[in-house]
>>> print(open('run_5.cif').read())   # mmCIF, C-alpha atoms
data_run
loop_
_atom_site.label_atom_id
_atom_site.label_comp_id
_atom_site.auth_asym_id
_atom_site.auth_seq_id
_atom_site.Cartn_x
_atom_site.Cartn_y
_atom_site.Cartn_z
CA MET A 1432 70.25 58.84 110.81
CA LYS A 1433 68.16 61.90 110.08
CA LYS A 1434 69.61 64.56 107.78
CA ARG A 1435 69.88 68.15 108.93
CA GLY A 1436 67.49 70.69 107.50
CA ARG A 1437 64.39 69.99 105.53
CA GLU A 1438 64.41 67.32 102.91
CA LYS A 1439 62.87 68.05 99.53
CA LYS A 1440 60.91 65.29 97.87
CA GLU A 1441 61.86 66.31 94.34
CA GLY A 1442 65.04 67.81 92.91
CA LEU A 1443 65.77 71.46 92.40
CA ASN A 1444 63.52 73.43 90.08
CA GLU A 1445 65.35 74.10 86.80
CA VAL A 1446 64.04 77.68 86.60
CA ASP A 1447 65.29 78.47 90.11
CA VAL A 1448 68.69 77.02 89.23
CA PHE A 1449 68.81 79.02 85.99
CA VAL A 1450 67.88 82.30 87.72
CA GLY A 1451 70.53 81.57 90.35
CA GLN A 1452 73.16 81.00 87.67
CA ARG A 1453 72.27 84.30 86.03
CA LEU A 1454 72.53 86.02 89.42
CA ARG A 1455 75.97 84.51 89.93
CA GLU A 1456 77.07 85.62 86.45
CA LEU A 1457 75.96 89.20 87.09
CA ARG A 1458 77.69 89.26 90.45
CA MET A 1459 80.95 87.90 89.06
CA LEU A 1460 80.91 90.19 86.02
CA ALA A 1461 80.55 93.10 88.43
CA GLY A 1462 83.53 91.77 90.37
CA LEU A 1463 81.58 91.51 93.60
CA SER A 1464 81.65 88.88 96.33
CA GLN A 1465 78.55 87.21 97.71
CA SER A 1466 79.05 89.23 100.89
CA ASP A 1467 79.14 92.52 98.93
CA VAL A 1468 75.84 91.86 97.19
CA ALA A 1469 74.19 90.34 100.23
CA SER A 1470 75.01 93.25 102.52
CA ALA A 1471 73.83 95.78 99.94
CA LEU A 1472 70.46 93.99 99.82
CA GLY A 1473 70.16 93.28 103.54
CA LEU A 1474 70.78 89.53 103.22
CA THR A 1475 73.35 87.15 104.62
CA PHE A 1476 75.86 85.73 102.17
CA GLN A 1477 74.40 82.29 102.91
CA GLN A 1478 71.00 83.45 101.66
CA LEU A 1479 72.55 84.79 98.47
CA GLN A 1480 74.49 81.55 98.09
CA LYS A 1481 71.25 79.55 98.30
CA TYR A 1482 69.71 81.79 95.63
CA GLU A 1483 72.71 81.29 93.35
CA ARG A 1484 72.57 77.51 93.70
CA GLY A 1485 68.82 77.36 93.20
CA PHE A 1486 68.15 75.90 96.66
CA ASN A 1487 65.90 78.85 97.50
CA ARG A 1488 63.56 80.63 95.11
CA VAL A 1489 64.09 84.31 94.52
CA SER A 1490 60.84 86.16 95.16
CA ALA A 1491 59.54 88.68 92.62
CA SER A 1492 60.29 91.62 94.93
CA ARG A 1493 63.84 90.36 95.59
CA LEU A 1494 64.38 89.77 91.87
CA PHE A 1495 63.26 93.34 91.22
CA LYS A 1496 65.74 94.63 93.83
CA LEU A 1497 68.55 92.54 92.33
CA ALA A 1498 67.81 93.85 88.83
CA HIS A 1499 67.83 97.40 90.16
CA TYR A 1500 71.08 96.78 92.05
CA PHE A 1501 72.84 95.43 88.93
CA ARG A 1502 71.14 98.04 86.70
CA VAL A 1503 69.65 95.44 84.36
CA PRO A 1504 66.07 94.63 83.38
CA VAL A 1505 64.42 91.80 85.32
CA SER A 1506 64.17 89.86 82.05
CA VAL A 1507 67.97 89.35 82.13
CA PHE A 1508 67.45 86.67 84.77
CA PHE A 1509 65.40 84.62 82.30
CA GLU A 1510 67.26 85.24 79.03
CA GLY A 1511 68.35 81.94 77.52
CA LEU A 1512 66.04 79.80 79.65
CA GLU A 1513 64.00 78.57 76.68
CA GLU A 1514 67.14 77.69 74.70
CA GLN A 1515 68.53 75.74 77.64
CA ARG A 1516 65.26 73.85 78.00
CA SER A 1517 65.18 72.90 74.31
CA HIS A 1518 68.83 71.79 74.42
CA ALA A 1519 68.16 69.72 77.53
CA GLU A 1520 65.16 68.08 75.89
CA ALA A 1521 67.18 67.32 72.74
CA ALA A 1522 69.92 65.78 74.89
CA GLY A 1523 67.41 63.49 76.60
CA GLY A 1524 66.67 65.66 79.61
CA GLY A 1525 70.29 65.92 80.74
CA GLU A 1526 72.07 69.07 81.74
CA ALA A 1527 73.13 70.92 78.56
CA GLU A 1528 75.87 72.97 80.13
CA SER A 1529 79.55 72.73 79.20
CA GLU A 1530 82.74 74.19 80.58
CA GLY A 1531 83.02 76.46 77.55
CA THR A 1532 79.96 78.50 78.39
CA LEU A 1533 79.76 81.65 80.46
CA ARG A 1534 78.92 79.47 83.43
CA SER A 1535 82.61 78.84 84.04
CA ARG A 1536 84.49 81.09 86.43
CA GLU A 1537 87.33 81.62 83.93
CA ALA A 1538 85.01 82.80 81.17
CA LEU A 1539 83.27 85.22 83.52
CA MET A 1540 86.57 86.66 84.73
CA LEU A 1541 87.82 86.97 81.15
CA ALA A 1542 84.66 88.84 80.17
CA ARG A 1543 85.05 91.15 83.16
CA TYR A 1544 88.66 91.98 82.29
CA PHE A 1545 87.78 92.45 78.62
CA GLN A 1546 85.06 94.98 79.54
CA ASN A 1547 87.67 97.11 81.30
CA ILE A 1548 89.91 97.41 78.24
CA ARG A 1549 89.26 100.80 76.66
CA ASP A 1550 91.71 100.72 73.73
CA PRO A 1551 89.81 99.47 70.63
CA GLN A 1552 93.01 98.15 69.02
CA VAL A 1553 93.86 96.09 72.08
CA ARG A 1554 90.29 94.75 72.22
CA ALA A 1555 90.47 93.80 68.53
CA ALA A 1556 93.82 92.07 69.04
CA ILE A 1557 92.46 90.07 71.97
CA ARG A 1558 89.37 89.05 70.00
CA GLU A 1559 91.59 87.93 67.11
CA LEU A 1560 93.85 85.99 69.47
CA ALA A 1561 90.86 84.26 71.08
CA GLU A 1562 89.45 83.37 67.66
CA ARG A 1563 92.77 81.93 66.48
CA CYS A 1564 93.17 79.88 69.66
CA ALA A 1565 89.62 78.55 69.40
CA THR A 1566 90.10 77.67 65.72
CA ALA A 1567 93.40 75.91 66.48
CA SER A 1568 91.72 73.92 69.26
CA GLU A 1569 88.87 72.91 66.93
CA ASN A 1570 91.35 71.85 64.25
CA GLU A 1571 93.29 69.75 66.79
CA ALA A 1572 90.07 68.08 67.91
CA HIS A 1573 89.13 67.26 64.32
CA ALA A 1574 92.65 65.95 63.63
CA ASP A 1575 92.34 63.60 66.61
CA GLU A 1576 89.11 62.24 65.12
CA MET A 1577 90.71 61.46 61.72
CA PRO A 1578 91.39 57.80 60.91
CA ALA A 1579 95.08 56.85 61.09
CA ALA A 1580 95.22 56.13 57.33
CA THR A 1581 94.40 59.72 56.40
CA ALA A 1582 96.69 61.31 58.98
CA ARG A 1583 100.00 62.64 57.69
CA PRO A 1584 103.10 60.72 58.77
CA ALA A 1585 105.18 62.36 61.48
CA ARG A 1586 108.16 64.36 60.26
CA ARG A 1587 111.61 63.40 61.37
CA GLY A 1588 114.23 65.85 62.54
CA ARG A 1589 117.62 65.95 60.82
CA GLY A 1590 119.24 63.77 63.43
CA GLU A 1591 116.51 61.14 63.20
CA HIS A 1592 116.53 61.18 59.39
CA ALA A 1593 120.28 60.75 59.23
CA ALA A 1594 120.15 57.97 61.82
CA GLY A 1595 117.48 56.22 59.75
CA ARG A 1596 119.79 56.07 56.72
CA ALA A 1597 122.74 54.69 58.60
#
>>> encode(input="run_5.cif", output="structure tokens")
Amino acid sequence: MKKRGREKKEGLNEVDVFVGQRLRELRMLAGLSQSDVASALGLTFQQLQKYERGFNRVSASRLFKLAHYFRVPVSVFFEGLEEQRSHAEAAGGGEAESEGTLRSREALMLARYFQNIRDPQVRAAIRELAERCATASENEAHADEMPAATARPARRGRGEHAAGRA
């Protein structure tokens, strides 16, 4: 059975995918839908969706319009590309992206909300909270990796301790 649409002989181009991811990040940080951005640029949301997924290449003129629309330099679409390539090569050519990066929807939404907080004390408190949570998560991960012999024995509650003596 023949597939619909044209079939590409090779996979997606990593640069096109990267530029599309950056486009998606900018759009989400601005709190805009694909339809919002597409209509402002005279595109359909499907075209924008294909750009974001890297299925279609973004032309230089379209990239320039997108940069102007988001009020960023064109170079923003390529920032971090070299680092991603070197990480992918170090990992054996695999995708070097994790859920903890700004690629995740939650991280983008958190960044967007954080940008809207004007009170410096609230911003500082949120940063401190995030740091403490991240440190606690790292410590838990390292504790899980410890051999059983070095782990501290579990503490018993009063009821359990008393029952153990009986």
>>> atom_distance(input="run_5.cif", atom1="atom CA of Cys1564 of chain A", atom2="atom CA of Leu1457 of chain A")
26.2 Å
>>> resolve_selection(input="run_5.cif", expression="the PyMOL selection byres ((chain A and resi 1447) around 10)", output="PyMOL selection string")
chain A and resi 1443-1446+1448-1453+1482-1489+1509
>>> closest_residue(input="run_5.cif", among="A:Arg1502, A:Lys1496, A:Arg1543, A:Arg1455", to="Leu1479 of chain A", atoms="all atoms listed in the file")
A:Arg1455
>>> atom_distance(input="run_5.cif", atom1="atom CA of Gln1546 of chain A", atom2="atom CA of Gly1462 of chain A")
11.4 Å
>>> atom_distance(input="run_5.cif", atom1="atom CA of Glu1537 of chain A", atom2="atom CA of Ser1568 of chain A")
17.1 Å
